[in-house]
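Asker: Dumping the structure here so I can ask a few things about it.
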Amino acid sequence: MSFINYIAETAAAPEASGDVFSALGIDWRLLILQIIAFLILVFLLGKFVYPWLMKQVDERQTAIEAAAKAATEAQASAAESQQEVEALMHEARTQAAEIVDTAKLEATQMLSASEEKARSTAEKIAAEARIEVEKSIENAKRELHDETLELIALATEKVIHTKLDKKADAALIAAALKETK
Amino acid sequence: MSASLFAAMELHVSISSQPVFHLWSIPVTNAMLTGLVGVIITLAILWYVGGKVKRGKYNRFVGLVQWVFEGLLKQINDIIPDKKLARKITPLAVTIFFMVLINYWLSVVPGLESITWNGVPVLRSLAADLNFTLALAVITIVTVQMYAIKYLGAFGNGGRYFRNPIKDPIGSFEGILELIGEFSRGVALALRLFGNAFAGEVLLIVIAVLTSYLSAVVLPAFLAFELFIGFIQAYVFFVLCLIFTSLAVSHHGPSPDHSPAPAKKKKAVGRA
């Protein structure tokens with residue numbers, strides 16, 4: 001551990017003589033020289049080196065800020081586009097709903113109209129059929145009436161054995177029918 | 001045998017730097033010679049990087065130095081809110097960082113003190129020379145005072161230290177403490193860097209002596225540790241320089257606002 005003793009001795013010897021600065025190795029001439037040398041170094045670097053480095057850093061910072069600004073603008077634009085798309089989608093959905101409602105309404109109306117038309121057609125057909133049936137019944141009645149008259153005439157002829165002419169026969173039948181009624 | 005081999009190293013431990021020769025009666029110390037090498041390396045690196053950046057030619061080394069510079073610049077802007085003041089203090093603060101870093105790292109170079117002339121090591125770490133650390137501290141404190149005077153005015157800055165003890169006894173005492181604080185800051189700046197660098201050198205010698213031949217295996221870990229300490233010391237000196245500047249130009253009133261006071265010139269223009 002003799003080197004530690006050496007340090008202690010080196011430090012203690014000048015201190016004993018009262019020269020603390022010398023013990024620490026402080027020399028005012030060297031101190032001033034080093035201050036001047038360091039200031040010259042600062043001046044040289046500050047004049048010829050740091051401006052370029054700072055300019056480069058500034059340019060990079062400006063580029064980053066510009067990129068950040070562009071990104072913010074792009075984000076805002078994207079958000080705006082999204083809103084526009086949403087608005088368009090909403091409008092499209094509304095229009096589609098309106099179209100569907102209109103189509104449903106028209107379909108219902110068409111169905112109702114078709115039903116009505118079918119019903120009226122059916123009623124018309126039924127009415128015509130009824131008229132036809134009534135006409136047929138009327139014709140049948142008339143034919144039956146005529147045949148009945150003929151039968152009665154024949155029957156009467158056989159009963160009375162007399163051939164009646166058509167006029168007298170009709171008069172007799174009419175009188176008979178009148179009595180039956 | 002190993003003891004006698006490593007015993008030679010004991011003689012190289014000295015608190016003060018030793019003069020190698022005299023130039024016009026001014027001693028040229030071994031720390032100054034190493035410092036000259038450090039200055040040349042610092043200038044060469046930054047000049048090379050600056051030139052490359054100026055021409056727009058980049059490589060990994062330029063990118064590394066630029067990355068460090070950008071980090072330092074960000075720190076400066078974070079600590080000193082006033083952009084103009086931050087730009088003004090940048091050359092000093094960044095040069096302090098690079099000079100301390102490179103000179104501290106030079107102390108870690110193996111065999112630095114093995115080259116002797118008339119029994120005196122030719123090279124010795126500049127960071128372990130109190131003249132250098134004191135010079136940096138003096139420059140920092142004087143610069144801080146200059147900016148404080150510029151931003152607060154001579155009377156405003158003086159008012160930080162000297163107040164009427166009758167009107168404001170507590171403030172007056174606070175001012176005295178502030179004045180003592182300014183001196184202690186400077187002394188602490190100088191002694192912190194010197195103490196770390198010198199202790200680092202002694203540590204390496206102690207480890208070399210204690211581990212003898214094993215030092216070839218053990219020392220690299222301590223060398224790496226010293227490199228890290230060198231970075232920390234450079235960064236601490238750099239940050240303290242900025243913090244002292246920021247504190248000096250801040251308002252010291254009842255308001256908690258610590259933003260820099262506007263410069264006197266600006267005030268004059270505003271009044272005009």
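Each chain in the structure tokens gets a letter, A, B and so on, in the order shown; residues start at 1 in every chain, and ligands are counted from 1 in the order they appear.
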Excluding Leu189 in chain B and residues on its chain fewer than 4 positions from it, collect all residues at most 10 Å away from it, counting only C-alpha atoms, and give them as a list in words.
Answerer: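 Counting only C-alpha atoms, the residues come to Thr133, Leu134, Leu136, Ala137, Val138, Thr140, Ile141, Phe183, Ser184, Arg185, Leu193, Phe194, Val236, Phe237, Leu240 and Cys241 of chain B.
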Asker: For the interface of chain B with chain A (cut-off 6 Å, counting only C-alpha atoms), please tabulate each contacting residue of chain B alongside its nearest pair of atoms and their separation in Å to one decimal, rows sorted by chain and increasing number, as a Markdown table.
Answerer:
| residue | atom | partner | partner_atom | distance |
| --- | --- | --- | --- | --- |
| B:Glu10 | CA | A:Phe3 | CA | 4.7 |
| B:Ser16 | CA | A:Gly25 | CA | 4.0 |
| B:Gly50 | CA | A:Val49 | CA | 5.0 |
| B:Lys54 | CA | A:Trp52 | CA | 5.9 |
| B:Pro91 | CA | A:Gly46 | CA | 5.1 |
| B:Leu92 | CA | A:Val42 | CA | 5.9 |
| B:Asn131 | CA | A:Leu31 | CA | 5.0 |
| B:Ala135 | CA | A:Ile35 | CA | 5.2 |
Asker: Would you save the residues of that selection, restricted to N, CA and C atoms, as a CSV table (one decimal), in the first residue's frame?
Answerer:
chain,number,residue,atom,x,y,z
B,10,GLU,N,3.6,2.4,-8.8
B,10,GLU,CA,3.2,3.2,-7.6
B,10,GLU,C,3.8,4.7,-7.7
B,16,SER,N,-1.3,16.2,-8.7
B,16,SER,CA,-1.1,17.2,-9.6
B,16,SER,C,-0.4,16.7,-10.9
B,50,GLY,N,-19.1,17.5,-39.1
B,50,GLY,CA,-19.7,18.7,-39.7
B,50,GLY,C,-19.6,18.9,-41.2
B,54,LYS,N,-22.5,18.9,-43.9
B,54,LYS,CA,-22.6,20.0,-44.8
B,54,LYS,C,-22.7,19.5,-46.2
B,91,PRO,N,-23.2,25.8,-28.1
B,91,PRO,CA,-21.8,25.5,-28.4
B,91,PRO,C,-20.9,25.2,-27.1
B,92,LEU,N,-21.2,26.0,-26.0
B,92,LEU,CA,-20.4,25.8,-24.8
B,92,LEU,C,-20.7,24.4,-24.2
B,131,ASN,N,-6.5,21.9,-13.0
B,131,ASN,CA,-6.5,23.1,-13.8
B,131,ASN,C,-7.5,23.1,-14.9
B,135,ALA,N,-10.9,25.2,-14.9
B,135,ALA,CA,-11.1,26.1,-16.0
B,135,ALA,C,-12.5,25.9,-16.6
Asker: Counting only C-alpha atoms, what is within 9 Å of range 102-115 of chain B, bar same-chain residues fewer than 6 positions away, as a ChimeraX atom specification?
Answerer: /B:9,12,34-35,37-39,41-42,121-128,197,200-201,204,223-224,226-227,229-231,233-234
Asker: Generate a file of the selected residues that holds C-alpha atoms, formatted as a compact mmCIF listing (two decimals), in the first residue's frame.
Answerer:
# COMPACT_ATOMS: atom_id res chain seq x y z
CA MET B 9 3.44 1.85 -11.13
CA HIS B 12 3.20 7.36 -11.22
CA THR B 34 -2.85 14.71 -23.39
CA GLY B 35 -5.31 17.58 -23.52
CA VAL B 37 -4.33 15.17 -28.15
CA GLY B 38 -7.91 15.32 -26.80
CA VAL B 39 -8.54 18.68 -28.46
CA ILE B 41 -9.37 14.28 -31.57
CA THR B 42 -12.45 16.35 -30.62
CA PRO B 121 4.94 10.31 -17.68
CA VAL B 122 4.52 12.20 -20.93
CA LEU B 123 0.77 11.67 -21.04
CA ARG B 124 -1.75 12.01 -18.21
CA SER B 125 -5.53 12.39 -18.37
CA LEU B 126 -6.59 16.02 -18.68
CA ALA B 127 -9.76 15.25 -16.74
CA ALA B 128 -7.53 14.32 -13.78
CA ALA B 197 -11.15 11.02 -13.09
CA GLY B 200 -10.65 6.23 -11.70
CA GLU B 201 -6.95 6.33 -12.48
CA LEU B 204 -7.13 1.12 -12.21
CA LEU B 223 -11.82 -0.14 -18.00
CA ALA B 224 -15.34 -0.59 -19.34
CA GLU B 226 -14.42 3.78 -16.36
CA LEU B 227 -15.69 4.38 -19.90
CA ILE B 229 -18.19 6.72 -15.65
CA GLY B 230 -16.57 8.99 -18.24
CA PHE B 231 -19.85 9.25 -20.13
CA GLN B 233 -19.32 12.64 -15.84
CA ALA B 234 -19.48 14.33 -19.23
Asker: Between CA of Thr90 in chain B and CA of Leu72 in chain B, measure the distance and give it in Å to one decimal.
Answerer: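 CA of Leu72 in chain B lies 8.7 Å from CA of Thr90 in chain B.
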Asker: Could you give me, as a PDB file with N, CA and C atoms, in the first residue's frame, each residue of range 91-124 of chain B that DSSP assigns to alpha helix (DSSP H) when run on this structure's backbone?
Answerer:
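Generated output (out.pdb):
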ATOM      1  N   PRO B  91     -23.182  25.756 -28.090  1.00  0.00           N
ATOM      2  CA  PRO B  91     -21.759  25.487 -28.370  1.00  0.00           C
ATOM      3  C   PRO B  91     -20.948  25.187 -27.113  1.00  0.00           C
ATOM      4  N   LEU B  92     -21.169  25.975 -26.048  1.00  0.00           N
ATOM      5  CA  LEU B  92     -20.400  25.754 -24.811  1.00  0.00           C
ATOM      6  C   LEU B  92     -20.745  24.398 -24.194  1.00  0.00           C
ATOM      7  N   ALA B  93     -22.060  24.147 -24.047  1.00  0.00           N
ATOM      8  CA  ALA B  93     -22.484  22.912 -23.361  1.00  0.00           C
ATOM      9  C   ALA B  93     -22.048  21.663 -24.135  1.00  0.00           C
ATOM     10  N   VAL B  94     -22.224  21.698 -25.455  1.00  0.00           N
ATOM     11  CA  VAL B  94     -21.885  20.519 -26.259  1.00  0.00           C
ATOM     12  C   VAL B  94     -20.368  20.312 -26.294  1.00  0.00           C
ATOM     13  N   THR B  95     -19.613  21.415 -26.374  1.00  0.00           N
ATOM     14  CA  THR B  95     -18.146  21.289 -26.367  1.00  0.00           C
ATOM     15  C   THR B  95     -17.670  20.729 -25.029  1.00  0.00           C
ATOM     16  N   ILE B  96     -18.286  21.180 -23.938  1.00  0.00           N
ATOM     17  CA  ILE B  96     -17.941  20.634 -22.615  1.00  0.00           C
ATOM     18  C   ILE B  96     -18.163  19.128 -22.626  1.00  0.00           C
ATOM     19  N   PHE B  97     -19.322  18.714 -23.141  1.00  0.00           N
ATOM     20  CA  PHE B  97     -19.646  17.280 -23.148  1.00  0.00           C
ATOM     21  C   PHE B  97     -18.582  16.489 -23.921  1.00  0.00           C
ATOM     22  N   PHE B  98     -18.301  16.911 -25.140  1.00  0.00           N
ATOM     23  CA  PHE B  98     -17.367  16.138 -25.979  1.00  0.00           C
ATOM     24  C   PHE B  98     -15.938  16.190 -25.426  1.00  0.00           C
ATOM     25  N   MET B  99     -15.537  17.367 -24.923  1.00  0.00           N
ATOM     26  CA  MET B  99     -14.168  17.485 -24.390  1.00  0.00           C
ATOM     27  C   MET B  99     -13.981  16.614 -23.155  1.00  0.00           C
ATOM     28  N   VAL B 100     -14.956  16.675 -22.248  1.00  0.00           N
ATOM     29  CA  VAL B 100     -14.858  15.863 -21.024  1.00  0.00           C
ATOM     30  C   VAL B 100     -14.906  14.383 -21.377  1.00  0.00           C
ATOM     31  N   LEU B 101     -15.816  14.030 -22.274  1.00  0.00           N
ATOM     32  CA  LEU B 101     -15.959  12.619 -22.652  1.00  0.00           C
ATOM     33  C   LEU B 101     -14.661  12.072 -23.266  1.00  0.00           C
ATOM     34  N   ILE B 102     -14.150  12.784 -24.249  1.00  0.00           N
ATOM     35  CA  ILE B 102     -12.966  12.287 -24.959  1.00  0.00           C
ATOM     36  C   ILE B 102     -11.743  12.280 -24.042  1.00  0.00           C
ATOM     37  N   ASN B 103     -11.579  13.339 -23.249  1.00  0.00           N
ATOM     38  CA  ASN B 103     -10.415  13.377 -22.353  1.00  0.00           C
ATOM     39  C   ASN B 103     -10.524  12.359 -21.231  1.00  0.00           C
ATOM     40  N   TYR B 104     -11.740  12.111 -20.764  1.00  0.00           N
ATOM     41  CA  TYR B 104     -11.911  11.084 -19.734  1.00  0.00           C
ATOM     42  C   TYR B 104     -11.594   9.710 -20.331  1.00  0.00           C
ATOM     43  N   TRP B 105     -12.089   9.482 -21.522  1.00  0.00           N
ATOM     44  CA  TRP B 105     -11.851   8.183 -22.170  1.00  0.00           C
ATOM     45  C   TRP B 105     -10.363   7.988 -22.503  1.00  0.00           C
ATOM     46  N   LEU B 106      -9.670   9.109 -22.734  1.00  0.00           N
ATOM     47  CA  LEU B 106      -8.226   8.992 -22.996  1.00  0.00           C
ATOM     48  C   LEU B 106      -7.484   8.476 -21.762  1.00  0.00           C
TER      49      LEU B 106
END
Asker: Excluding Val217 in chain B and its own-chain neighbours fewer than 5 positions away, which residues fall within 12 Å of it when counting only C-alpha atoms? Please give them as an MDAnalysis selection string.
Answerer: chainID B and resid 207:208 211:212 222:223
Asker: Create the file for the chosen residues now, containing N, CA and C atoms and written as a JSON list (two decimals), in the first residue's frame.
Answerer:
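The result, stored in result.json:
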[["chain", "number", "residue", "atom", "x", "y", "z"],
["B", 207, "ILE", "N", -6.22, -1.86, -8.84],
["B", 207, "ILE", "CA", -6.65, -3.16, -9.36],
["B", 207, "ILE", "C", -5.47, -3.87, -10.03],
["B", 208, "ALA", "N", -4.67, -3.09, -10.80],
["B", 208, "ALA", "CA", -3.51, -3.67, -11.48],
["B", 208, "ALA", "C", -2.51, -4.24, -10.48],
["B", 211, "THR", "N", -4.23, -7.32, -8.46],
["B", 211, "THR", "CA", -4.49, -8.55, -9.23],
["B", 211, "THR", "C", -3.24, -9.05, -9.96],
["B", 212, "SER", "N", -2.20, -8.25, -9.95],
["B", 212, "SER", "CA", -0.93, -8.69, -10.54],
["B", 212, "SER", "C", -1.13, -9.19, -11.98],
["B", 222, "PHE", "N", -12.97, -3.19, -15.43],
["B", 222, "PHE", "CA", -12.85, -1.87, -14.78],
["B", 222, "PHE", "C", -12.66, -0.78, -15.82],
["B", 223, "LEU", "N", -11.99, -1.12, -16.92],
["B", 223, "LEU", "CA", -11.82, -0.14, -18.00],
["B", 223, "LEU", "C", -13.18, 0.22, -18.60]]
